[in-house]
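To be precise, the following lines are run.cif, and they hold mmCIF, C-alpha atoms.
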```
data_target
#
loop_
_atom_site.label_atom_id
_atom_site.label_comp_id
_atom_site.auth_asym_id
_atom_site.auth_seq_id
_atom_site.Cartn_x
_atom_site.Cartn_y
_atom_site.Cartn_z
CA MET V 1 172.15 166.94 88.57
CA ILE V 2 169.51 164.37 88.06
CA ASP V 3 168.73 162.09 90.94
CA ALA V 4 168.90 158.40 90.17
CA PRO V 5 165.49 156.71 90.29
CA GLN V 6 164.78 155.01 93.53
CA PRO V 7 164.07 151.27 93.31
CA ARG V 8 160.48 150.17 93.81
CA PRO V 9 159.70 148.11 96.87
CA ASP V 10 159.22 145.01 94.80
CA GLU V 11 162.71 145.50 93.29
CA GLU V 12 164.51 145.61 96.60
CA GLU V 13 166.83 142.74 97.35
CA GLY V 14 165.15 139.76 98.83
CA PHE V 15 161.63 140.86 97.92
CA GLU V 16 159.53 138.49 95.77
CA ARG V 17 156.59 139.74 93.79
CA PRO V 18 153.45 137.79 94.63
CA ALA V 19 152.24 135.62 91.81
CA PRO V 20 149.02 136.75 90.11
CA PRO V 21 145.95 134.91 91.30
CA GLU V 22 145.03 131.91 89.20
CA ARG V 23 141.90 132.30 87.17
CA ALA V 24 139.14 129.85 87.95
CA PRO V 25 138.43 127.55 85.01
CA ARG V 26 135.54 128.81 83.00
CA LYS V 27 132.58 126.51 83.12
CA THR V 28 131.67 125.47 79.63
CA ALA V 29 128.06 126.01 78.68
CA PRO V 30 126.18 122.99 77.35
CA ILE V 31 125.31 122.86 73.68
CA VAL V 32 121.67 122.32 74.53
CA PRO V 33 120.40 124.76 77.20
CA ALA V 34 119.16 123.01 80.30
CA GLN V 35 116.08 125.20 80.68
CA ASN V 36 114.19 126.81 77.87
CA ILE V 37 110.61 127.17 76.76
CA ALA V 38 110.88 124.38 74.20
CA GLY V 39 112.30 121.98 76.78
CA ARG V 40 109.52 122.67 79.26
CA ALA V 41 106.88 122.24 76.58
CA LEU V 42 108.49 118.96 75.51
CA VAL V 43 108.35 117.67 79.10
CA VAL V 44 104.63 118.45 79.23
CA VAL V 45 103.97 116.78 75.85
CA ILE V 46 105.92 113.66 76.80
CA ALA V 47 104.09 113.52 80.15
CA ILE V 48 100.72 113.68 78.38
CA MET V 49 101.72 111.02 75.83
CA THR V 50 103.05 108.76 78.57
CA PHE V 51 99.90 109.22 80.64
CA LEU V 52 97.67 108.30 77.69
CA SER V 53 99.90 105.34 76.79
CA CYS V 54 99.89 104.02 80.36
CA VAL V 55 96.12 104.46 80.68
CA THR V 56 95.64 102.60 77.40
CA PHE V 57 97.96 99.82 78.52
CA GLY V 58 96.21 99.57 81.88
CA ALA V 59 92.77 99.51 80.26
CA VAL V 60 93.84 96.75 77.88
CA THR V 61 95.25 94.76 80.82
CA LEU V 62 92.06 95.31 82.80
CA VAL V 63 89.75 94.20 80.00
CA ARG V 64 91.95 91.22 79.14
CA ASP V 65 92.03 90.02 82.76
CA THR V 66 88.28 90.54 83.17
CA ALA V 67 87.55 88.66 79.95
CA SER V 68 89.80 85.84 81.17
CA VAL V 69 87.84 85.68 84.45
CA TRP V 70 84.56 85.61 82.53
CA GLU V 71 85.86 82.86 80.27
CA ASN V 72 87.00 80.74 83.22
CA GLN V 73 83.74 81.20 85.07
CA ILE V 74 81.63 80.35 82.03
CA SER V 75 83.75 77.37 81.05
CA ARG V 76 83.24 75.85 84.50
CA GLU V 77 79.47 75.70 84.16
CA ALA V 78 76.72 74.76 81.73
CA THR V 79 73.00 75.46 82.05
CA ILE V 80 69.99 73.25 81.40
CA GLN V 81 66.76 75.17 80.87
CA ILE V 82 63.38 73.43 81.02
CA LYS V 83 60.37 75.33 79.72
CA PRO V 84 56.88 74.59 81.07
CA ALA V 85 54.75 72.47 78.75
CA GLU V 86 51.27 71.01 78.89
CA GLY V 87 51.20 67.83 80.96
CA LEU V 88 54.80 68.30 82.12
CA ASP V 89 55.61 67.67 85.78
CA MET V 90 58.36 70.25 86.29
CA GLU V 91 59.89 68.66 89.40
CA ILE V 92 60.15 65.24 87.76
CA ALA V 93 61.60 66.81 84.59
CA LEU V 94 64.21 68.69 86.62
CA ALA V 95 65.26 65.55 88.49
CA THR V 96 65.41 63.53 85.25
CA ALA V 97 67.56 66.11 83.40
CA ALA V 98 69.88 66.58 86.38
CA GLY V 99 70.35 62.81 86.74
CA LEU V 100 71.14 62.36 83.05
CA ALA V 101 73.70 65.18 83.08
CA ALA V 102 75.40 63.80 86.20
CA GLU V 103 76.03 60.46 84.48
CA PHE V 104 78.40 61.94 81.88
CA ASP V 105 82.14 61.88 82.40
CA GLY V 106 83.51 65.37 83.00
CA VAL V 107 80.52 66.54 85.08
CA LYS V 108 81.41 67.34 88.67
CA GLY V 109 77.86 67.88 89.84
CA THR V 110 74.43 69.36 89.14
CA ARG V 111 72.32 71.86 91.09
CA ILE V 112 68.63 72.59 90.54
CA ILE V 113 67.65 76.23 91.00
CA ASP V 114 64.66 75.99 93.33
CA SER V 115 61.51 78.10 93.19
CA ALA V 116 62.69 80.54 95.85
CA ALA V 117 65.93 81.26 94.00
CA THR V 118 64.03 81.62 90.73
CA MET V 119 61.70 84.16 92.35
CA ARG V 120 64.69 86.17 93.57
CA LEU V 121 66.06 86.25 90.04
CA LEU V 122 62.74 87.62 88.73
CA GLU V 123 62.13 90.17 91.50
CA PRO V 124 63.88 93.07 89.69
CA TRP V 125 61.36 92.72 86.83
CA LEU V 126 58.20 91.30 88.45
CA GLY V 127 58.52 92.56 92.01
CA SER V 128 57.97 90.46 95.12
CA GLY V 129 55.00 88.44 96.29
CA PHE V 130 54.03 86.87 92.95
CA ASP V 131 53.05 83.21 92.56
CA ILE V 132 55.63 81.52 90.41
CA GLY V 133 53.34 78.53 89.89
CA GLN V 134 50.91 80.71 87.96
CA LEU V 135 53.53 81.91 85.47
CA PRO V 136 55.18 79.97 82.61
CA VAL V 137 58.64 80.49 84.06
CA PRO V 138 61.46 78.21 82.83
CA ARG V 139 63.50 76.41 85.49
CA LEU V 140 67.26 76.07 85.47
CA ILE V 141 69.82 73.41 86.35
CA ILE V 142 73.46 74.39 86.86
CA VAL V 143 75.92 71.75 85.65
CA THR V 144 79.45 72.05 87.05
CA ILE V 145 82.07 71.07 84.46
CA ASN V 146 85.55 69.68 84.83
CA GLU V 147 87.64 72.23 82.91
CA ASP V 148 90.48 69.80 82.24
CA SER V 149 88.20 67.09 80.87
CA PRO V 150 84.84 68.53 79.74
CA PRO V 151 82.01 66.17 78.77
CA ASP V 152 80.67 65.55 75.29
CA PHE V 153 78.05 68.28 75.12
CA LYS V 154 76.56 66.94 71.89
CA ASP V 155 75.73 63.55 73.41
CA MET V 156 74.55 65.20 76.62
CA ARG V 157 72.25 67.52 74.67
CA GLU V 158 70.73 64.60 72.70
CA ALA V 159 70.16 62.50 75.83
CA ILE V 160 68.49 65.35 77.73
CA THR V 161 66.24 66.54 74.88
CA THR V 162 65.18 62.94 74.21
CA ALA V 163 64.09 62.43 77.83
CA VAL V 164 62.71 65.97 78.31
CA PRO V 165 61.70 67.51 74.94
CA SER V 166 61.23 71.02 76.40
CA ALA V 167 64.77 71.07 77.83
CA THR V 168 67.73 72.85 76.23
CA LEU V 169 71.40 72.64 77.13
CA ASP V 170 73.54 75.78 76.90
CA ASP V 171 77.26 75.12 77.22
CA HIS V 172 78.06 78.84 76.76
CA ARG V 173 80.45 78.14 73.91
CA THR V 174 78.97 81.02 71.92
CA TRP V 175 79.55 83.44 74.78
CA VAL V 176 83.07 82.15 75.33
CA ASP V 177 83.93 82.62 71.66
CA ARG V 178 82.53 86.14 71.74
CA LEU V 179 84.51 86.97 74.86
CA VAL V 180 87.73 85.67 73.34
CA ALA V 181 87.07 87.63 70.14
CA MET V 182 86.32 90.76 72.17
CA ALA V 183 89.51 90.35 74.21
CA HIS V 184 91.61 89.90 71.08
CA THR V 185 89.97 92.90 69.44
CA THR V 186 90.58 95.03 72.54
CA VAL V 187 94.23 94.00 72.69
CA THR V 188 94.66 94.75 68.97
CA ILE V 189 93.06 98.19 69.32
CA GLY V 190 95.16 98.91 72.40
CA ILE V 191 98.37 97.96 70.61
CA ALA V 192 97.37 100.17 67.67
CA VAL V 193 96.68 103.11 69.99
CA LEU V 194 100.00 102.58 71.76
CA GLY V 195 101.74 102.54 68.40
CA LEU V 196 100.10 105.84 67.47
CA MET V 197 101.08 107.36 70.82
CA LEU V 198 104.70 106.30 70.44
CA SER V 199 104.76 107.54 66.83
CA ALA V 200 103.41 110.92 67.95
CA THR V 201 106.07 111.04 70.68
CA VAL V 202 108.82 110.30 68.16
CA MET V 203 107.60 113.01 65.81
CA THR V 204 107.40 115.49 68.69
CA VAL V 205 110.97 114.72 69.72
CA VAL V 206 112.16 115.08 66.12
CA PHE V 207 110.64 118.55 65.85
CA ALA V 208 111.94 119.53 69.30
CA THR V 209 115.45 118.34 68.39
CA ARG V 210 115.41 120.23 65.11
CA GLY V 211 114.18 123.31 66.98
CA ALA V 212 117.02 123.01 69.51
CA MET V 213 119.52 122.56 66.69
CA ALA V 214 118.14 125.58 64.85
CA GLY V 215 118.48 127.69 67.99
CA ASN V 216 122.07 126.53 68.48
CA GLY V 217 122.94 126.01 64.83
CA HIS V 218 125.89 128.43 64.80
CA ILE V 219 127.47 126.65 67.78
CA ILE V 220 126.97 123.24 66.22
CA GLU V 221 128.44 124.35 62.90
CA VAL V 222 131.50 125.90 64.60
CA LEU V 223 132.08 122.74 66.64
CA HIS V 224 131.66 120.66 63.54
CA PHE V 225 134.03 122.82 61.49
CA VAL V 226 136.80 122.75 64.13
CA GLY V 227 136.71 118.96 64.16
CA ALA V 228 134.19 117.93 66.78
CA GLU V 229 132.93 114.46 65.99
CA ALA V 230 129.30 113.96 65.15
CA GLN V 231 129.01 111.38 67.93
CA PHE V 232 130.15 113.95 70.50
CA ILE V 233 127.55 116.50 69.40
CA ALA V 234 124.85 113.83 69.18
CA ARG V 235 125.78 112.59 72.65
CA GLN V 236 125.15 116.07 74.09
CA PHE V 237 121.66 116.12 72.60
CA ARG V 238 121.00 112.51 73.60
CA THR V 239 121.90 113.16 77.24
CA ARG V 240 119.77 116.28 77.43
CA PHE V 241 116.75 114.69 75.75
CA LEU V 242 117.12 111.50 77.81
CA PHE V 243 116.82 113.60 80.96
CA THR V 244 113.88 115.51 79.50
CA GLY V 245 112.15 112.34 78.30
CA MET V 246 112.58 110.50 81.59
CA LYS V 247 111.28 113.48 83.55
CA GLY V 248 108.16 113.79 81.39
CA ALA V 249 107.61 110.03 81.21
CA ALA V 250 107.95 109.67 84.98
CA ALA V 251 105.39 112.43 85.54
CA GLY V 252 102.93 110.81 83.11
CA GLY V 253 103.47 107.34 84.60
CA VAL V 254 102.89 108.57 88.16
CA ALA V 255 99.71 110.36 87.05
CA ALA V 256 98.42 107.15 85.41
CA ILE V 257 99.16 105.11 88.54
CA VAL V 258 97.28 107.67 90.65
CA VAL V 259 94.28 107.37 88.32
CA PHE V 260 94.23 103.58 88.63
CA ILE V 261 94.56 103.77 92.41
CA LEU V 262 91.67 106.26 92.59
CA PHE V 263 89.47 104.06 90.41
CA SER V 264 90.30 101.02 92.54
CA TRP V 265 89.50 102.99 95.70
CA TRP V 266 86.20 104.20 94.21
CA SER V 267 85.30 100.64 93.22
CA SER V 268 85.96 99.34 96.74
CA ARG V 269 83.94 102.16 98.32
CA ASN V 270 80.94 101.62 96.01
CA MET V 271 80.94 97.83 96.02
CA ALA V 272 77.43 97.52 97.51
CA THR V 273 75.82 100.18 95.29
CA PRO V 274 74.09 99.54 91.93
CA GLN V 275 76.65 101.56 89.95
CA GLY V 276 79.50 99.83 91.77
CA ASP V 277 78.02 96.40 91.09
CA GLN V 278 77.62 97.21 87.39
CA ALA V 279 81.18 98.49 87.13
CA ALA V 280 82.50 95.44 89.01
CA ALA V 281 80.57 93.12 86.69
CA LEU V 282 82.15 94.74 83.65
CA PHE V 283 85.68 95.59 84.83
CA GLY V 284 86.22 93.75 88.11
CA ASN V 285 87.66 95.88 90.92
CA PHE V 286 89.63 98.22 88.60
CA ALA V 287 92.89 96.73 89.85
CA ILE V 288 95.49 96.23 87.12
CA GLY V 289 97.67 94.10 89.39
CA SER V 290 101.44 93.83 89.57
CA ALA V 291 101.72 93.07 85.85
CA GLY V 292 99.89 96.31 85.03
CA TYR V 293 102.12 98.42 87.28
CA LEU V 294 105.21 96.72 85.88
CA GLY V 295 103.91 97.54 82.40
CA VAL V 296 103.54 101.22 83.38
CA LEU V 297 107.16 101.23 84.60
CA MET V 298 108.33 99.62 81.36
CA MET V 299 106.34 102.20 79.39
CA VAL V 300 108.14 105.03 81.22
CA ILE V 301 111.55 103.49 80.49
CA ILE V 302 110.67 102.82 76.83
CA ILE V 303 109.45 106.38 76.21
CA GLY V 304 112.51 107.89 77.92
CA ALA V 305 114.89 105.69 75.91
CA LEU V 306 112.92 106.33 72.72
CA THR V 307 113.21 110.08 73.27
CA ALA V 308 116.99 109.87 73.63
CA ALA V 309 117.42 107.52 70.66
CA THR V 310 115.23 109.70 68.43
CA SER V 311 117.18 112.83 69.32
CA HIS V 312 120.49 111.05 68.69
CA ALA V 313 119.37 109.78 65.29
CA THR V 314 118.03 113.20 64.29
CA VAL V 315 121.31 114.95 65.15
CA VAL V 316 123.41 112.34 63.34
CA ALA V 317 121.23 112.66 60.25
CA TYR V 318 121.49 116.46 60.35
CA LEU V 319 125.29 116.38 60.63
CA SER V 320 125.50 113.81 57.83
CA ASP V 321 123.51 116.15 55.61
CA LEU V 322 125.82 118.99 56.66
CA GLU V 323 128.91 116.99 55.69
CA GLY V 324 127.26 116.01 52.43
CA GLY V 325 126.58 119.67 51.64
CA GLN V 326 130.21 120.57 52.35
CA THR V 327 131.46 117.80 50.09
CA ASP V 328 129.20 118.87 47.25
CA GLY V 329 130.19 122.51 47.72
CA GLY V 330 133.88 121.65 47.88
#
```
Take the structure in the file and give it back as structure tokens.
Amino acid sequence: MIDAPQPRPDEEEGFERPAPPERAPRKTAPIVPAQNIAGRALVVVIAIMTFLSCVTFGAVTLVRDTASVWENQISREATIQIKPAEGLDMEIALATAAGLAAEFDGVKGTRIIDSAATMRLLEPWLGSGFDIGQLPVPRLIIVTINEDSPPDFKDMREAITTAVPSATLDDHRTWVDRLVAMAHTTVTIGIAVLGLMLSATVMTVVFATRGAMAGNGHIIEVLHFVGAEAQFIARQFRTRFLFTGMKGAAAGGVAAIVVFILFSWWSSRNMATPQGDQAAALFGNFAIGSAGYLGVLMMVIIIGALTAATSHATVVAYLSDLEGGQTDGG
């Protein structure tokens, strides 16, 4: 006689089998890996490009502002130079030239550089303790000009040279023109360099995007074949490269700002030294100002956005070529 099988505990009346535990949803992996060697290298390259672009932009801003200061300072003054001549009473000639210049409309005032000031100007070359009366040293008159309504320099020059034949009037127009030309040339060169930097950044992002697509080509093709839209795939790359571009651009922008702050600090610490005075005469106090720092911030945003846009366009073009190949093959 065979015994009937005994019911299992979970088959007894009133006993409910516990439901199987729910599986946690699997986290989908991104199409573009968040961390890889190519991504880290791209961050470094973008940081270097951004740093060079920001330094170039800051240098252009610095030179442009300095040239503008030079132009304003020069345009506010003109110089009358009187050379010693036989039978010329220098003091009378200085007073005559200064009086004639002061009579013209647009002249705010005149100032004769006295003998003591002239000696101080010549000390770096001739030393101290020399007798200026024994040397054929020209004397100067500073003419302060009204910038809004400058005088007629041609008439002023004729009147002064007629009264004092050894006098010459320099209105600094030649220097102003050269400064303006130099500033325009510097700005043009800076814009050209920035264009080259941005072009190099675009090409780097194109190669990095193609490299990422080559490394994940099988995933992209499967997604594309099962119906994933090109915009979806491109959006994945755009998001990843936007993050990469902004991280590299922010690092390069911060490094450029640190460089400008260090140069400004060095300039302020060496203001009373010969090298500091020479640097200040050429570039001011190395301060790019609020406009320069705002330009650095805009450069960071532009490079980050350009990185994302370039990656998006590269992926869309690749998928379009892929669809074209399928159509031709079909």
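Picture a line from atom CA of V:Val107 to atom CA of V:Thr168; it runs 16.8 Å.
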Residue nearest V:Thr310 - candidates V:Pro165, V:Gly245, V:Gly127, V:Gly133, atoms counted: all atoms listed in the file
V:Gly245
With only C-alpha atoms as the basis for distance, which of V:Ala230, V:Val206, V:Arg111, V:Gly289 is at the shortest distance from V:Ile261?
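When distances to V:Ile261 are compared using only C-alpha atoms, the smallest one comes from V:Gly289.
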In Å, rounded to a single decimal, give me how far atom CA of V:Ala249 is from atom CA of V:Phe51.
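Computing the Euclidean distance for atom CA of V:Phe51 and atom CA of V:Ala249 yields 7.8 Å.
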Using the chain letters and numbers from this file, what does the PyMOL selection byres ((chain V and resi 154) around 12) select? Give the answer as a list in words.
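When the PyMOL selection byres ((chain V and resi 154) around 12) is applied to the shown file, the picked residues are Ala101, Phe104, Pro150, Pro151, Asp152, Phe153, Asp155, Met156, Arg157, Glu158, Ala159, Ile160, Thr161, Thr168, Leu169, Asp170 and Asp171 of chain V.
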Have a look at atom CA of V:Pro84 and atom CA of V:Ala98 and let me know their distance in Å, one decimal.
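Separation of atom CA of V:Pro84 and atom CA of V:Ala98: 16.2 Å.
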List the neighbours of V:Glu229 out to 12 Å using all atoms listed in the file; skip same-chain residues closer than 5 positions along the sequence, and give me the result as a ChimeraX atom specification.
/V:220-224,234-236,315-316,319-320,323
Would you export the selected residues with C-alpha atoms as a PDB file, in the coordinates of the input, please?
```
ATOM      1  CA  ILE V 220     126.970 123.240  66.220  1.00  0.00           C
ATOM      2  CA  GLU V 221     128.440 124.350  62.900  1.00  0.00           C
ATOM      3  CA  VAL V 222     131.500 125.900  64.600  1.00  0.00           C
ATOM      4  CA  LEU V 223     132.080 122.740  66.640  1.00  0.00           C
ATOM      5  CA  HIS V 224     131.660 120.660  63.540  1.00  0.00           C
ATOM      6  CA  ALA V 234     124.850 113.830  69.180  1.00  0.00           C
ATOM      7  CA  ARG V 235     125.780 112.590  72.650  1.00  0.00           C
ATOM      8  CA  GLN V 236     125.150 116.070  74.090  1.00  0.00           C
ATOM      9  CA  VAL V 315     121.310 114.950  65.150  1.00  0.00           C
ATOM     10  CA  VAL V 316     123.410 112.340  63.340  1.00  0.00           C
ATOM     11  CA  LEU V 319     125.290 116.380  60.630  1.00  0.00           C
ATOM     12  CA  SER V 320     125.500 113.810  57.830  1.00  0.00           C
ATOM     13  CA  GLU V 323     128.910 116.990  55.690  1.00  0.00           C
TER      14      GLU V 323
END
```
Counting only C-alpha atoms, figure out which residue out of V:Phe225, V:Tyr293, V:Trp70, V:Tyr318 gets nearest to V:Phe260.
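Going through V:Phe225, V:Tyr293, V:Trp70, V:Tyr318 one by one, the smallest distance to V:Phe260 is for V:Tyr293.
Closest approach to V:Ala208 among V:Ala291, V:Ile46, V:Ala67, V:Ile257 is made by V:Ile46 (distances from all atoms listed in the file).
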Selection as a ChimeraX atom specification: residues within 10 Å of (120.6, 108.1, 75.5), counting all atoms listed in the file:
/V:234-243,245,304-312
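Proximity of V:Trp266, V:Phe57, V:Phe130, V:Trp175 to V:Leu294, computed with all atoms listed in the file, is greatest for V:Phe57.
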Compare V:Ile302, V:Val143, V:Val45, V:Ala167 by their minimum atom-to-atom distance to V:Met90, counting all atoms listed in the file, and give me the closest one.
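Ranked by minimum distance to V:Met90, first place goes to V:Ala167.
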Spatial neighbours of V:Met119, 8 Å, only C-alpha atoms, chain gap at least 3 places, as number ranges by chain:
V: 115-116, 122-123, 128, 132
I need the output of the PyMOL selection byres ((chain V and resi 63) around 10) for this file as a PDB file with C-alpha atoms, in the frame of the given file; which residues are they?
```pdb
ATOM      1  CA  GLY V  58      96.210  99.570  81.880  1.00  0.00           C
ATOM      2  CA  ALA V  59      92.770  99.510  80.260  1.00  0.00           C
ATOM      3  CA  VAL V  60      93.840  96.750  77.880  1.00  0.00           C
ATOM      4  CA  THR V  61      95.250  94.760  80.820  1.00  0.00           C
ATOM      5  CA  LEU V  62      92.060  95.310  82.800  1.00  0.00           C
ATOM      6  CA  ARG V  64      91.950  91.220  79.140  1.00  0.00           C
ATOM      7  CA  ASP V  65      92.030  90.020  82.760  1.00  0.00           C
ATOM      8  CA  THR V  66      88.280  90.540  83.170  1.00  0.00           C
ATOM      9  CA  ALA V  67      87.550  88.660  79.950  1.00  0.00           C
ATOM     10  CA  SER V  68      89.800  85.840  81.170  1.00  0.00           C
ATOM     11  CA  VAL V  69      87.840  85.680  84.450  1.00  0.00           C
ATOM     12  CA  MET V 182      86.320  90.760  72.170  1.00  0.00           C
ATOM     13  CA  ALA V 183      89.510  90.350  74.210  1.00  0.00           C
ATOM     14  CA  THR V 186      90.580  95.030  72.540  1.00  0.00           C
ATOM     15  CA  VAL V 187      94.230  94.000  72.690  1.00  0.00           C
ATOM     16  CA  LEU V 282      82.150  94.740  83.650  1.00  0.00           C
ATOM     17  CA  PHE V 283      85.680  95.590  84.830  1.00  0.00           C
ATOM     18  CA  GLY V 284      86.220  93.750  88.110  1.00  0.00           C
ATOM     19  CA  PHE V 286      89.630  98.220  88.600  1.00  0.00           C
ATOM     20  CA  ILE V 288      95.490  96.230  87.120  1.00  0.00           C
TER      21      ILE V 288
END
```
Where does the PyMOL selection byres ((chain V and resi 248) around 8) land in this file, that is, which residues does it pick, as a list in words?
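Written out, the selection comes to Leu42, Val43, Val44, Val45, Ile46, Ala47, Thr50, Thr244, Gly245, Met246, Lys247, Ala249, Ala250, Ala251 and Gly252 of chain V.
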